[in-house]
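Undergrad: The file below is entry.cif, mmCIF, N, CA and C atoms and all ligand atoms:
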```
data_protein
#
loop_
_atom_site.label_atom_id
_atom_site.label_comp_id
_atom_site.auth_asym_id
_atom_site.auth_seq_id
_atom_site.Cartn_x
_atom_site.Cartn_y
_atom_site.Cartn_z
N MET A 1 86.34 179.44 -66.90
CA MET A 1 85.57 180.37 -66.09
C MET A 1 84.37 179.66 -65.48
N ASP A 2 84.10 179.92 -64.18
CA ASP A 2 82.95 179.21 -63.58
C ASP A 2 81.64 179.97 -63.84
N LYS A 3 80.56 179.28 -63.52
CA LYS A 3 79.21 179.80 -63.81
C LYS A 3 78.98 181.16 -63.15
N LYS A 4 79.48 181.31 -61.92
CA LYS A 4 79.28 182.57 -61.18
C LYS A 4 79.93 183.75 -61.91
N GLN A 5 81.14 183.51 -62.40
CA GLN A 5 81.87 184.57 -63.14
C GLN A 5 81.14 184.91 -64.44
N ILE A 6 80.67 183.86 -65.12
CA ILE A 6 79.95 184.06 -66.38
C ILE A 6 78.67 184.86 -66.12
N GLN A 7 77.96 184.50 -65.07
CA GLN A 7 76.70 185.19 -64.78
C GLN A 7 76.92 186.65 -64.39
N LYS A 8 78.06 186.93 -63.76
CA LYS A 8 78.39 188.33 -63.42
C LYS A 8 78.59 189.13 -64.71
N LEU A 9 79.28 188.52 -65.66
CA LEU A 9 79.48 189.19 -66.96
C LEU A 9 78.15 189.41 -67.69
N ILE A 10 77.28 188.40 -67.62
CA ILE A 10 75.97 188.53 -68.27
C ILE A 10 75.19 189.70 -67.65
N GLU A 11 75.22 189.79 -66.34
CA GLU A 11 74.51 190.88 -65.65
C GLU A 11 75.04 192.24 -66.07
N GLN A 12 76.37 192.33 -66.12
CA GLN A 12 76.98 193.63 -66.46
C GLN A 12 76.69 194.00 -67.91
N ALA A 13 76.72 193.01 -68.81
CA ALA A 13 76.41 193.28 -70.22
C ALA A 13 74.95 193.72 -70.35
N ALA A 14 74.06 193.03 -69.66
CA ALA A 14 72.63 193.36 -69.74
C ALA A 14 72.35 194.74 -69.16
N ASP A 15 73.12 195.13 -68.17
CA ASP A 15 72.94 196.44 -67.54
C ASP A 15 73.28 197.59 -68.50
N GLN A 16 74.04 197.28 -69.53
CA GLN A 16 74.42 198.31 -70.51
C GLN A 16 73.29 198.67 -71.47
N ILE A 17 72.30 197.78 -71.56
CA ILE A 17 71.21 198.00 -72.51
C ILE A 17 70.57 199.38 -72.30
N LYS A 18 70.54 199.81 -71.06
CA LYS A 18 69.89 201.11 -70.77
C LYS A 18 70.67 202.30 -71.34
N TYR A 19 71.93 202.09 -71.66
CA TYR A 19 72.74 203.19 -72.20
C TYR A 19 72.84 203.17 -73.73
N CYS A 20 72.32 202.14 -74.37
CA CYS A 20 72.46 202.01 -75.83
C CYS A 20 71.87 203.22 -76.52
N TYR A 21 72.59 203.67 -77.55
CA TYR A 21 72.07 204.75 -78.38
C TYR A 21 71.82 204.14 -79.75
N ALA A 22 70.58 203.69 -79.95
CA ALA A 22 70.25 202.95 -81.18
C ALA A 22 68.93 203.45 -81.79
N PRO A 23 68.86 204.76 -82.09
CA PRO A 23 67.59 205.29 -82.61
C PRO A 23 67.26 204.85 -84.03
N TYR A 24 68.24 204.31 -84.77
CA TYR A 24 68.01 203.95 -86.18
C TYR A 24 67.58 202.49 -86.33
N SER A 25 68.30 201.58 -85.67
CA SER A 25 67.93 200.17 -85.80
C SER A 25 67.00 199.72 -84.68
N GLY A 26 67.07 200.38 -83.55
CA GLY A 26 66.29 199.91 -82.40
C GLY A 26 66.89 198.66 -81.78
N PHE A 27 68.00 198.18 -82.35
CA PHE A 27 68.63 196.95 -81.85
C PHE A 27 69.66 197.35 -80.80
N LYS A 28 69.45 196.91 -79.57
CA LYS A 28 70.31 197.33 -78.46
C LYS A 28 71.23 196.20 -78.02
N VAL A 29 72.51 196.54 -77.87
CA VAL A 29 73.51 195.52 -77.52
C VAL A 29 74.35 196.00 -76.34
N GLY A 30 74.60 195.09 -75.41
CA GLY A 30 75.48 195.38 -74.27
C GLY A 30 76.61 194.38 -74.25
N ALA A 31 77.78 194.83 -73.79
CA ALA A 31 78.94 193.92 -73.71
C ALA A 31 79.66 194.13 -72.39
N ALA A 32 80.28 193.07 -71.91
CA ALA A 32 81.13 193.15 -70.71
C ALA A 32 82.41 192.39 -71.03
N LEU A 33 83.51 193.11 -70.98
CA LEU A 33 84.83 192.57 -71.38
C LEU A 33 85.68 192.35 -70.13
N LEU A 34 86.15 191.14 -69.96
CA LEU A 34 86.94 190.78 -68.77
C LEU A 34 88.43 190.78 -69.11
N THR A 35 89.21 191.57 -68.36
CA THR A 35 90.66 191.60 -68.60
C THR A 35 91.30 190.39 -67.90
N LYS A 36 92.57 190.15 -68.26
CA LYS A 36 93.27 189.01 -67.63
C LYS A 36 93.45 189.23 -66.14
N ASN A 37 93.49 190.51 -65.71
CA ASN A 37 93.64 190.74 -64.27
C ASN A 37 92.31 190.94 -63.55
N GLY A 38 91.22 190.55 -64.19
CA GLY A 38 89.93 190.50 -63.51
C GLY A 38 89.07 191.75 -63.55
N LYS A 39 89.53 192.79 -64.27
CA LYS A 39 88.68 193.99 -64.37
C LYS A 39 87.65 193.84 -65.47
N ILE A 40 86.52 194.49 -65.31
CA ILE A 40 85.47 194.41 -66.33
C ILE A 40 85.24 195.79 -66.95
N TYR A 41 85.27 195.83 -68.27
CA TYR A 41 84.94 197.06 -69.01
C TYR A 41 83.66 196.79 -69.77
N THR A 42 82.69 197.69 -69.63
CA THR A 42 81.41 197.48 -70.29
C THR A 42 81.30 198.36 -71.54
N GLY A 43 80.32 198.04 -72.38
CA GLY A 43 80.10 198.86 -73.58
C GLY A 43 78.68 198.69 -74.11
N CYS A 44 78.23 199.70 -74.84
CA CYS A 44 76.92 199.63 -75.50
C CYS A 44 77.12 200.06 -76.95
N ASN A 45 76.14 199.77 -77.81
CA ASN A 45 76.27 200.26 -79.20
C ASN A 45 75.87 201.73 -79.27
N ILE A 46 76.55 202.43 -80.15
CA ILE A 46 76.34 203.88 -80.31
C ILE A 46 76.17 204.15 -81.80
N GLU A 47 74.92 204.39 -82.20
CA GLU A 47 74.64 204.59 -83.64
C GLU A 47 74.84 206.04 -84.05
N ASN A 48 74.74 206.26 -85.37
CA ASN A 48 74.99 207.58 -85.93
C ASN A 48 74.08 207.82 -87.12
N ALA A 49 73.64 209.06 -87.30
CA ALA A 49 72.75 209.41 -88.41
C ALA A 49 73.39 209.11 -89.76
N ALA A 50 74.71 209.13 -89.81
CA ALA A 50 75.41 208.81 -91.06
C ALA A 50 75.70 207.30 -91.16
N TYR A 51 75.15 206.54 -90.25
CA TYR A 51 75.21 205.06 -90.20
C TYR A 51 76.61 204.46 -90.02
N THR A 52 77.56 204.75 -90.95
CA THR A 52 78.84 204.03 -90.86
C THR A 52 79.66 204.34 -89.60
N PRO A 53 79.54 205.52 -88.99
CA PRO A 53 80.31 205.72 -87.76
C PRO A 53 79.80 204.92 -86.56
N THR A 54 78.74 204.17 -86.74
CA THR A 54 78.19 203.37 -85.63
C THR A 54 79.25 202.49 -84.99
N ASN A 55 79.24 202.47 -83.67
CA ASN A 55 80.18 201.63 -82.93
C ASN A 55 79.41 200.55 -82.17
N CYS A 56 79.82 199.31 -82.37
CA CYS A 56 79.16 198.20 -81.68
C CYS A 56 79.53 198.19 -80.19
N ALA A 57 78.72 197.51 -79.42
CA ALA A 57 78.94 197.41 -77.98
C ALA A 57 80.31 196.79 -77.66
N GLU A 58 80.68 195.77 -78.43
CA GLU A 58 81.95 195.07 -78.18
C GLU A 58 83.13 196.03 -78.37
N ARG A 59 83.08 196.79 -79.47
CA ARG A 59 84.20 197.71 -79.72
C ARG A 59 84.21 198.85 -78.71
N THR A 60 83.04 199.29 -78.28
CA THR A 60 83.01 200.32 -77.23
C THR A 60 83.77 199.80 -76.01
N ALA A 61 83.48 198.56 -75.62
CA ALA A 61 84.14 197.99 -74.43
C ALA A 61 85.65 197.87 -74.66
N PHE A 62 86.05 197.36 -75.83
CA PHE A 62 87.48 197.23 -76.13
C PHE A 62 88.18 198.58 -76.11
N PHE A 63 87.56 199.57 -76.74
CA PHE A 63 88.24 200.86 -76.86
C PHE A 63 88.31 201.58 -75.51
N LYS A 64 87.29 201.38 -74.68
CA LYS A 64 87.36 201.94 -73.32
C LYS A 64 88.54 201.32 -72.58
N ALA A 65 88.66 200.00 -72.68
CA ALA A 65 89.73 199.30 -71.95
C ALA A 65 91.11 199.68 -72.47
N VAL A 66 91.29 199.63 -73.79
CA VAL A 66 92.60 199.91 -74.37
C VAL A 66 93.00 201.36 -74.07
N SER A 67 92.03 202.25 -74.08
CA SER A 67 92.33 203.67 -73.82
C SER A 67 92.72 203.91 -72.36
N GLU A 68 92.52 202.88 -71.53
CA GLU A 68 92.95 203.00 -70.13
C GLU A 68 94.13 202.09 -69.82
N GLY A 69 94.77 201.60 -70.89
CA GLY A 69 96.01 200.84 -70.71
C GLY A 69 95.86 199.34 -70.61
N GLU A 70 94.65 198.82 -70.79
CA GLU A 70 94.44 197.36 -70.72
C GLU A 70 94.56 196.77 -72.11
N ILE A 71 95.43 195.76 -72.26
CA ILE A 71 95.51 195.12 -73.58
C ILE A 71 95.50 193.59 -73.50
N GLU A 72 95.21 193.08 -72.30
CA GLU A 72 95.17 191.62 -72.15
C GLU A 72 93.78 191.20 -71.66
N PHE A 73 93.15 190.35 -72.45
CA PHE A 73 91.76 190.02 -72.17
C PHE A 73 91.51 188.51 -72.11
N GLN A 74 90.51 188.16 -71.27
CA GLN A 74 90.13 186.75 -71.11
C GLN A 74 88.86 186.40 -71.86
N ALA A 75 87.87 187.30 -71.78
CA ALA A 75 86.54 186.94 -72.29
C ALA A 75 85.69 188.18 -72.52
N ILE A 76 84.68 188.01 -73.38
CA ILE A 76 83.68 189.08 -73.54
C ILE A 76 82.30 188.43 -73.55
N CYS A 77 81.35 189.11 -72.93
CA CYS A 77 79.97 188.63 -72.95
C CYS A 77 79.14 189.63 -73.75
N VAL A 78 78.27 189.12 -74.61
CA VAL A 78 77.45 189.97 -75.47
C VAL A 78 75.98 189.59 -75.31
N VAL A 79 75.15 190.61 -75.10
CA VAL A 79 73.70 190.38 -75.07
C VAL A 79 73.04 191.45 -75.94
N GLY A 80 71.92 191.12 -76.55
CA GLY A 80 71.26 192.16 -77.34
C GLY A 80 69.93 191.70 -77.88
N GLY A 81 69.19 192.66 -78.40
CA GLY A 81 67.91 192.34 -79.01
C GLY A 81 67.18 193.59 -79.45
N LYS A 82 66.20 193.37 -80.30
CA LYS A 82 65.38 194.47 -80.82
C LYS A 82 64.69 195.16 -79.63
N ASP A 83 64.82 196.47 -79.60
CA ASP A 83 64.26 197.30 -78.52
C ASP A 83 64.75 196.86 -77.13
N GLY A 84 65.89 196.20 -77.12
CA GLY A 84 66.47 195.81 -75.84
C GLY A 84 65.89 194.54 -75.25
N ALA A 85 65.02 193.87 -75.99
CA ALA A 85 64.45 192.61 -75.49
C ALA A 85 65.40 191.46 -75.85
N ILE A 86 66.02 190.89 -74.84
CA ILE A 86 67.04 189.86 -75.08
C ILE A 86 66.35 188.50 -75.18
N GLU A 87 66.21 188.02 -76.42
CA GLU A 87 65.50 186.76 -76.62
C GLU A 87 66.34 185.70 -77.30
N MET A 88 67.34 186.16 -78.08
CA MET A 88 68.19 185.21 -78.79
C MET A 88 69.65 185.60 -78.57
N TYR A 89 70.55 184.77 -79.08
CA TYR A 89 71.97 185.11 -78.99
C TYR A 89 72.29 186.20 -80.01
N THR A 90 73.11 187.17 -79.59
CA THR A 90 73.62 188.20 -80.51
C THR A 90 75.10 187.91 -80.73
N THR A 91 75.46 187.67 -81.98
CA THR A 91 76.86 187.32 -82.27
C THR A 91 77.62 188.55 -82.75
N PRO A 92 78.89 188.66 -82.37
CA PRO A 92 79.69 189.82 -82.78
C PRO A 92 79.81 189.92 -84.31
N CYS A 93 79.78 191.15 -84.81
CA CYS A 93 79.93 191.35 -86.25
C CYS A 93 81.39 191.10 -86.66
N GLY A 94 81.63 191.07 -87.95
CA GLY A 94 82.97 190.77 -88.46
C GLY A 94 84.02 191.79 -88.02
N VAL A 95 83.63 193.05 -87.99
CA VAL A 95 84.58 194.10 -87.59
C VAL A 95 85.00 193.89 -86.12
N CYS A 96 84.03 193.59 -85.28
CA CYS A 96 84.35 193.35 -83.86
C CYS A 96 85.23 192.12 -83.69
N ARG A 97 84.97 191.08 -84.47
CA ARG A 97 85.81 189.87 -84.39
C ARG A 97 87.25 190.24 -84.75
N GLN A 98 87.42 191.11 -85.73
CA GLN A 98 88.76 191.52 -86.14
C GLN A 98 89.44 192.35 -85.04
N VAL A 99 88.68 193.18 -84.36
CA VAL A 99 89.25 193.96 -83.24
C VAL A 99 89.68 192.99 -82.12
N MET A 100 88.88 191.97 -81.88
CA MET A 100 89.26 190.95 -80.86
C MET A 100 90.57 190.29 -81.26
N MET A 101 90.70 190.00 -82.56
CA MET A 101 91.90 189.33 -83.10
C MET A 101 93.16 190.15 -82.84
N GLU A 102 93.02 191.45 -82.75
CA GLU A 102 94.16 192.33 -82.53
C GLU A 102 94.75 192.14 -81.12
N PHE A 103 93.87 191.92 -80.16
CA PHE A 103 94.32 191.91 -78.76
C PHE A 103 94.25 190.55 -78.08
N CYS A 104 93.55 189.60 -78.69
CA CYS A 104 93.25 188.37 -77.96
C CYS A 104 93.81 187.14 -78.67
N ASN A 105 94.17 186.16 -77.86
CA ASN A 105 94.62 184.88 -78.42
C ASN A 105 93.38 184.11 -78.88
N PRO A 106 93.29 183.81 -80.18
CA PRO A 106 92.07 183.16 -80.68
C PRO A 106 91.83 181.77 -80.08
N GLU A 107 92.92 181.16 -79.57
CA GLU A 107 92.79 179.81 -78.99
C GLU A 107 92.18 179.86 -77.58
N THR A 108 92.35 180.98 -76.89
CA THR A 108 91.92 181.03 -75.49
C THR A 108 90.85 182.08 -75.17
N PHE A 109 90.72 183.10 -76.02
CA PHE A 109 89.75 184.15 -75.73
C PHE A 109 88.33 183.61 -75.89
N GLN A 110 87.53 183.82 -74.84
CA GLN A 110 86.18 183.26 -74.83
C GLN A 110 85.13 184.32 -75.15
N ILE A 111 84.16 183.93 -75.95
CA ILE A 111 83.05 184.82 -76.31
C ILE A 111 81.78 184.18 -75.76
N ILE A 112 81.19 184.87 -74.81
CA ILE A 112 79.99 184.34 -74.15
C ILE A 112 78.77 185.02 -74.74
N LEU A 113 77.93 184.23 -75.38
CA LEU A 113 76.68 184.75 -75.94
C LEU A 113 75.58 184.37 -74.96
N ALA A 114 74.79 185.37 -74.57
CA ALA A 114 73.76 185.06 -73.58
C ALA A 114 72.39 185.51 -74.04
N ALA A 115 71.39 184.66 -73.76
CA ALA A 115 70.00 185.00 -74.06
C ALA A 115 69.27 185.22 -72.74
N ASP A 116 69.94 184.82 -71.66
CA ASP A 116 69.31 184.84 -70.33
C ASP A 116 70.42 184.54 -69.33
N ILE A 117 70.18 184.80 -68.07
CA ILE A 117 71.20 184.53 -67.04
C ILE A 117 71.53 183.02 -66.96
N GLU A 118 70.56 182.20 -67.35
CA GLU A 118 70.77 180.74 -67.31
C GLU A 118 71.03 180.16 -68.70
N LYS A 119 70.77 180.95 -69.73
CA LYS A 119 70.91 180.40 -71.09
C LYS A 119 72.05 181.12 -71.80
N TYR A 120 73.17 180.46 -71.87
CA TYR A 120 74.32 181.07 -72.52
C TYR A 120 75.16 180.00 -73.21
N LYS A 121 76.06 180.50 -74.07
CA LYS A 121 76.90 179.63 -74.88
C LYS A 121 78.32 180.22 -74.82
N VAL A 122 79.32 179.37 -74.62
CA VAL A 122 80.70 179.86 -74.59
C VAL A 122 81.42 179.39 -75.85
N LEU A 123 81.94 180.36 -76.61
CA LEU A 123 82.65 180.05 -77.85
C LEU A 123 84.06 180.61 -77.78
N TRP A 124 84.91 180.18 -78.68
CA TRP A 124 86.27 180.70 -78.74
C TRP A 124 86.43 181.55 -80.00
N LEU A 125 87.32 182.54 -79.89
CA LEU A 125 87.52 183.43 -81.04
C LEU A 125 87.92 182.65 -82.28
N LYS A 126 88.72 181.60 -82.10
CA LYS A 126 89.16 180.81 -83.26
C LYS A 126 87.98 180.18 -84.03
N ASP A 127 86.88 179.95 -83.32
CA ASP A 127 85.70 179.38 -83.98
C ASP A 127 84.90 180.44 -84.73
N LEU A 128 84.91 181.67 -84.20
CA LEU A 128 84.13 182.73 -84.85
C LEU A 128 84.94 183.46 -85.93
N LEU A 129 86.26 183.31 -85.86
CA LEU A 129 87.12 183.94 -86.88
C LEU A 129 88.23 182.95 -87.26
N PRO A 130 87.86 181.91 -88.02
CA PRO A 130 88.86 180.90 -88.39
C PRO A 130 89.95 181.52 -89.28
N MET A 131 91.17 181.10 -89.05
CA MET A 131 92.32 181.59 -89.83
C MET A 131 92.39 183.12 -89.82
N GLY A 132 92.07 183.71 -88.69
CA GLY A 132 92.05 185.17 -88.58
C GLY A 132 93.41 185.79 -88.83
N PHE A 133 93.39 186.96 -89.39
CA PHE A 133 94.62 187.71 -89.67
C PHE A 133 94.87 188.62 -88.46
N GLY A 134 96.06 188.48 -87.86
CA GLY A 134 96.34 189.25 -86.65
C GLY A 134 97.75 189.79 -86.61
N PRO A 135 98.14 190.35 -85.47
CA PRO A 135 99.45 190.97 -85.34
C PRO A 135 100.62 190.06 -85.74
N ASP A 136 100.51 188.77 -85.47
CA ASP A 136 101.60 187.84 -85.82
C ASP A 136 101.86 187.79 -87.34
N ASN A 137 100.81 188.01 -88.11
CA ASN A 137 100.97 187.97 -89.57
C ASN A 137 101.76 189.16 -90.10
N VAL A 138 101.74 190.24 -89.36
CA VAL A 138 102.37 191.47 -89.83
C VAL A 138 103.82 191.56 -89.37
N LYS A 139 104.09 190.92 -88.19
CA LYS A 139 105.46 190.97 -87.66
C LYS A 139 106.41 190.23 -88.58
N LYS A 140 107.65 190.72 -88.63
CA LYS A 140 108.67 190.09 -89.49
C LYS A 140 109.18 188.80 -88.85
N1 LIG B 1 75.59 195.58 -82.95
C1 LIG B 1 76.41 195.50 -81.86
O1 LIG B 1 76.57 196.46 -81.10
N2 LIG B 1 77.04 194.32 -81.62
C2 LIG B 1 76.82 193.16 -82.32
O2 LIG B 1 77.36 192.14 -81.95
C3 LIG B 1 75.93 193.18 -83.48
C4 LIG B 1 75.43 194.50 -83.91
C5 LIG B 1 74.85 196.82 -83.17
C6 LIG B 1 75.27 197.67 -84.32
C7 LIG B 1 74.00 198.44 -84.61
O3 LIG B 1 73.91 199.56 -83.76
C8 LIG B 1 72.89 197.48 -84.23
O4 LIG B 1 73.48 196.51 -83.41
C9 LIG B 1 72.21 196.82 -85.42
O5 LIG B 1 73.14 196.24 -86.26
#
```
Just dump the structure as structure tokens.
TA:
Amino acid sequence: MDKKQIQKLIEQAADQIKYCYAPYSGFKVGAALLTKNGKIYTGCNIENAAYTPTNCAERTAFFKAVSEGEIEFQAICVVGGKDGAIEMYTTPCGVCRQVMMEFCNPETFQIILAADIEKYKVLWLKDLLPMGFGPDNVKK
């Protein structure tokens, strides 16, 4: 992916910060998920008074996309920070990595962590979830 495409994803992920519902942690996260055919699905974190129903920004983006028939993905960009101030990289939690493992090839799916439009890091799912358990393990 070229720099222009990456920066577009960063912008879209950052734009989600305004929709975050994070009254408990104050930690706001935005995500932009790129499908293989070039569509972008965005997501924000949505917290809950009972805590465990909280949905991360990454899963919001995945579930929006899958619920509209998209199951092939190229990359996801994640931005976040306390009170929406994006100062450091926000890495996907373990549950989100597992959801990525369900739909994405760990060798090729890219995870873009951004702290700024110019400061970002591109990682692969295989690096964030080594020896991940996925659909291939369950198939006969
Ligand atoms: N969170 C995300 O949305 N994505 C991440 O990658 C890390 C954590 C959310 C969950 C919760 O609402 C808040 O950040 C603090 O953990």
Undergrad: Looking at all atoms listed in the file, which of A:Gln74, A:Ser67, A:Gln12, A:Asn55 is the one that sits closest to Gln110 in chain A?
TA: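 Smallest separation from Gln110 in chain A among the options: A:Gln74.
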Undergrad: Kindly compile the residues surrounding ligand LIG 1 (chain B) within 5 Å, counting only N, CA and C atoms and all ligand atoms, and format them as an mmCIF file with N, CA and C atoms, in the frame of the given file.
TA:
```cif
data_model
loop_
_atom_site.group_PDB
_atom_site.id
_atom_site.type_symbol
_atom_site.label_atom_id
_atom_site.label_comp_id
_atom_site.auth_asym_id
_atom_site.auth_seq_id
_atom_site.Cartn_x
_atom_site.Cartn_y
_atom_site.Cartn_z
ATOM 1 N N PHE A 27 68.000 198.180 -82.350
ATOM 2 C CA PHE A 27 68.630 196.950 -81.850
ATOM 3 C C PHE A 27 69.660 197.350 -80.800
ATOM 4 N N VAL A 29 72.510 196.540 -77.870
ATOM 5 C CA VAL A 29 73.510 195.520 -77.520
ATOM 6 C C VAL A 29 74.350 196.000 -76.340
ATOM 7 N N ASN A 45 76.140 199.770 -77.810
ATOM 8 C CA ASN A 45 76.270 200.260 -79.200
ATOM 9 C C ASN A 45 75.870 201.730 -79.270
ATOM 10 N N CYS A 56 79.820 199.310 -82.370
ATOM 11 C CA CYS A 56 79.160 198.200 -81.680
ATOM 12 C C CYS A 56 79.530 198.190 -80.190
ATOM 13 N N ALA A 57 78.720 197.510 -79.420
ATOM 14 C CA ALA A 57 78.940 197.410 -77.980
ATOM 15 C C ALA A 57 80.310 196.790 -77.660
ATOM 16 N N GLU A 58 80.680 195.770 -78.430
ATOM 17 C CA GLU A 58 81.950 195.070 -78.180
ATOM 18 C C GLU A 58 83.130 196.030 -78.370
ATOM 19 N N THR A 90 73.110 187.170 -79.590
ATOM 20 C CA THR A 90 73.620 188.200 -80.510
ATOM 21 C C THR A 90 75.100 187.910 -80.730
ATOM 22 N N THR A 91 75.460 187.670 -81.980
ATOM 23 C CA THR A 91 76.860 187.320 -82.270
ATOM 24 C C THR A 91 77.620 188.550 -82.750
ATOM 25 N N PRO A 92 78.890 188.660 -82.370
ATOM 26 C CA PRO A 92 79.690 189.820 -82.780
ATOM 27 C C PRO A 92 79.810 189.920 -84.310
ATOM 28 N N CYS A 93 79.780 191.150 -84.810
ATOM 29 C CA CYS A 93 79.930 191.350 -86.250
ATOM 30 C C CYS A 93 81.390 191.100 -86.660
#
```
Undergrad: Looking at A:Glu107, A:Asp116, A:Glu102, A:Glu87, which one is nearest to Ile10 in chain A, with distances taken over all atoms listed in the file?
TA: A:Asp116
Undergrad: If you count all atoms listed in the file, which residues fall within 6.5 Å of Gly30 in chain A, apart from same-chain ones fewer than 3 positions away, as a PDB file with N, CA and C atoms, in the coordinates of the input?
TA:
```pdb
ATOM      1  N   GLN A  12      76.370 192.330 -66.120  1.00  0.00           N
ATOM      2  CA  GLN A  12      76.980 193.630 -66.460  1.00  0.00           C
ATOM      3  C   GLN A  12      76.690 194.000 -67.910  1.00  0.00           C
ATOM      4  N   ALA A  13      76.720 193.010 -68.810  1.00  0.00           N
ATOM      5  CA  ALA A  13      76.410 193.280 -70.220  1.00  0.00           C
ATOM      6  C   ALA A  13      74.950 193.720 -70.350  1.00  0.00           C
ATOM      7  N   ALA A  14      74.060 193.030 -69.660  1.00  0.00           N
ATOM      8  CA  ALA A  14      72.630 193.360 -69.740  1.00  0.00           C
ATOM      9  C   ALA A  14      72.350 194.740 -69.160  1.00  0.00           C
ATOM     10  N   GLN A  16      74.040 197.280 -69.530  1.00  0.00           N
ATOM     11  CA  GLN A  16      74.420 198.310 -70.510  1.00  0.00           C
ATOM     12  C   GLN A  16      73.290 198.670 -71.470  1.00  0.00           C
ATOM     13  N   ILE A  17      72.300 197.780 -71.560  1.00  0.00           N
ATOM     14  CA  ILE A  17      71.210 198.000 -72.510  1.00  0.00           C
ATOM     15  C   ILE A  17      70.570 199.380 -72.300  1.00  0.00           C
ATOM     16  N   GLY A  43      80.320 198.040 -72.380  1.00  0.00           N
ATOM     17  CA  GLY A  43      80.100 198.860 -73.580  1.00  0.00           C
ATOM     18  C   GLY A  43      78.680 198.690 -74.110  1.00  0.00           C
ATOM     19  N   CYS A  44      78.230 199.700 -74.840  1.00  0.00           N
ATOM     20  CA  CYS A  44      76.920 199.630 -75.500  1.00  0.00           C
ATOM     21  C   CYS A  44      77.120 200.060 -76.950  1.00  0.00           C
ATOM     22  N   ASN A  45      76.140 199.770 -77.810  1.00  0.00           N
ATOM     23  CA  ASN A  45      76.270 200.260 -79.200  1.00  0.00           C
ATOM     24  C   ASN A  45      75.870 201.730 -79.270  1.00  0.00           C
ATOM     25  N   ALA A  57      78.720 197.510 -79.420  1.00  0.00           N
ATOM     26  CA  ALA A  57      78.940 197.410 -77.980  1.00  0.00           C
ATOM     27  C   ALA A  57      80.310 196.790 -77.660  1.00  0.00           C
ATOM     28  N   GLU A  58      80.680 195.770 -78.430  1.00  0.00           N
ATOM     29  CA  GLU A  58      81.950 195.070 -78.180  1.00  0.00           C
ATOM     30  C   GLU A  58      83.130 196.030 -78.370  1.00  0.00           C
ATOM     31  N   CYS A  77      81.350 189.110 -72.930  1.00  0.00           N
ATOM     32  CA  CYS A  77      79.970 188.630 -72.950  1.00  0.00           C
ATOM     33  C   CYS A  77      79.140 189.630 -73.750  1.00  0.00           C
ATOM     34  N   VAL A  78      78.270 189.120 -74.610  1.00  0.00           N
ATOM     35  CA  VAL A  78      77.450 189.970 -75.470  1.00  0.00           C
ATOM     36  C   VAL A  78      75.980 189.590 -75.310  1.00  0.00           C
ATOM     37  N   VAL A  79      75.150 190.610 -75.100  1.00  0.00           N
ATOM     38  CA  VAL A  79      73.700 190.380 -75.070  1.00  0.00           C
ATOM     39  C   VAL A  79      73.040 191.450 -75.940  1.00  0.00           C
ATOM     40  N   GLY A  80      71.920 191.120 -76.550  1.00  0.00           N
ATOM     41  CA  GLY A  80      71.260 192.160 -77.340  1.00  0.00           C
ATOM     42  C   GLY A  80      69.930 191.700 -77.880  1.00  0.00           C
TER      43      GLY A  80
END
```
Undergrad: Excluding Ser25 in chain A and residues on its chain fewer than 2 positions from it, collect all residues at most 7 Å away from it, counting only N, CA and C atoms, and give them as a PDB file with N, CA and C atoms, in the coordinates of the input.
TA:
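That gives us out-v5.pdb:
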```
ATOM      1  N   ALA A  22      70.580 203.690 -79.950  1.00  0.00           N
ATOM      2  CA  ALA A  22      70.250 202.950 -81.180  1.00  0.00           C
ATOM      3  C   ALA A  22      68.930 203.450 -81.790  1.00  0.00           C
ATOM      4  N   PRO A  23      68.860 204.760 -82.090  1.00  0.00           N
ATOM      5  CA  PRO A  23      67.590 205.290 -82.610  1.00  0.00           C
ATOM      6  C   PRO A  23      67.260 204.850 -84.030  1.00  0.00           C
ATOM      7  N   PHE A  27      68.000 198.180 -82.350  1.00  0.00           N
ATOM      8  CA  PHE A  27      68.630 196.950 -81.850  1.00  0.00           C
ATOM      9  C   PHE A  27      69.660 197.350 -80.800  1.00  0.00           C
ATOM     10  N   LYS A  28      69.450 196.910 -79.570  1.00  0.00           N
ATOM     11  CA  LYS A  28      70.310 197.330 -78.460  1.00  0.00           C
ATOM     12  C   LYS A  28      71.230 196.200 -78.020  1.00  0.00           C
ATOM     13  N   LYS A  82      66.200 193.370 -80.300  1.00  0.00           N
ATOM     14  CA  LYS A  82      65.380 194.470 -80.820  1.00  0.00           C
ATOM     15  C   LYS A  82      64.690 195.160 -79.630  1.00  0.00           C
ATOM     16  N   ASP A  83      64.820 196.470 -79.600  1.00  0.00           N
ATOM     17  CA  ASP A  83      64.260 197.300 -78.520  1.00  0.00           C
ATOM     18  C   ASP A  83      64.750 196.860 -77.130  1.00  0.00           C
TER      19      ASP A  83
END
```
Undergrad: I'd like to know which residues of chain A are alpha helix (DSSP H) (by DSSP, run on the backbone); could you write them as a ChimeraX atom specification?
TA: /A:3-15,57-66,94-103,125-128,135-138
Undergrad: Suppose you want the space between atom N of Lys119 in chain A and CA of Lys64 in chain A; what is it in Å?
TA: 27.0 Å
Undergrad: What does the distance from atom N of Leu33 in chain A to CA of Glu70 in chain A come to in Å, to one decimal?
TA: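 It comes out at 11.7 Å.
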Undergrad: Using only C-alpha atoms, pick whichever of A:Ile86, A:Leu34, A:Ile46, A:Ile40 has the shortest atom-to-atom distance to Phe109 in chain A.
TA: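 Of A:Ile86, A:Leu34, A:Ile46, A:Ile40, the one nearest Phe109 in chain A, counting only C-alpha atoms, is A:Leu34.
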Undergrad: What is the distance, in Å and to one decimal place, between CA of Val138 in chain A and CA of Leu123 in chain A?
TA: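 Between CA of Val138 in chain A and CA of Leu123 in chain A the gap is 25.7 Å.
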Undergrad: In terms of the shortest atom-to-atom distance over only N, CA and C atoms, which of A:Gln98, A:Thr60, A:Asn37, A:Thr54 is closest to Phe133 in chain A?
TA: A:Gln98
Undergrad: With C-alpha atoms retained, output range 54-60 of chain A as a CSV table (one decimal), in the first residue's frame.
TA:
```
chain,number,residue,atom,x,y,z
A,54,THR,CA,-17.8,-3.1,25.3
A,55,ASN,CA,-16.9,-3.3,21.6
A,56,CYS,CA,-13.5,-2.1,20.3
A,57,ALA,CA,-13.3,0.2,17.3
A,58,GLU,CA,-11.7,-2.6,15.2
A,59,ARG,CA,-14.5,-5.0,15.9
A,60,THR,CA,-17.1,-2.4,15.2
```
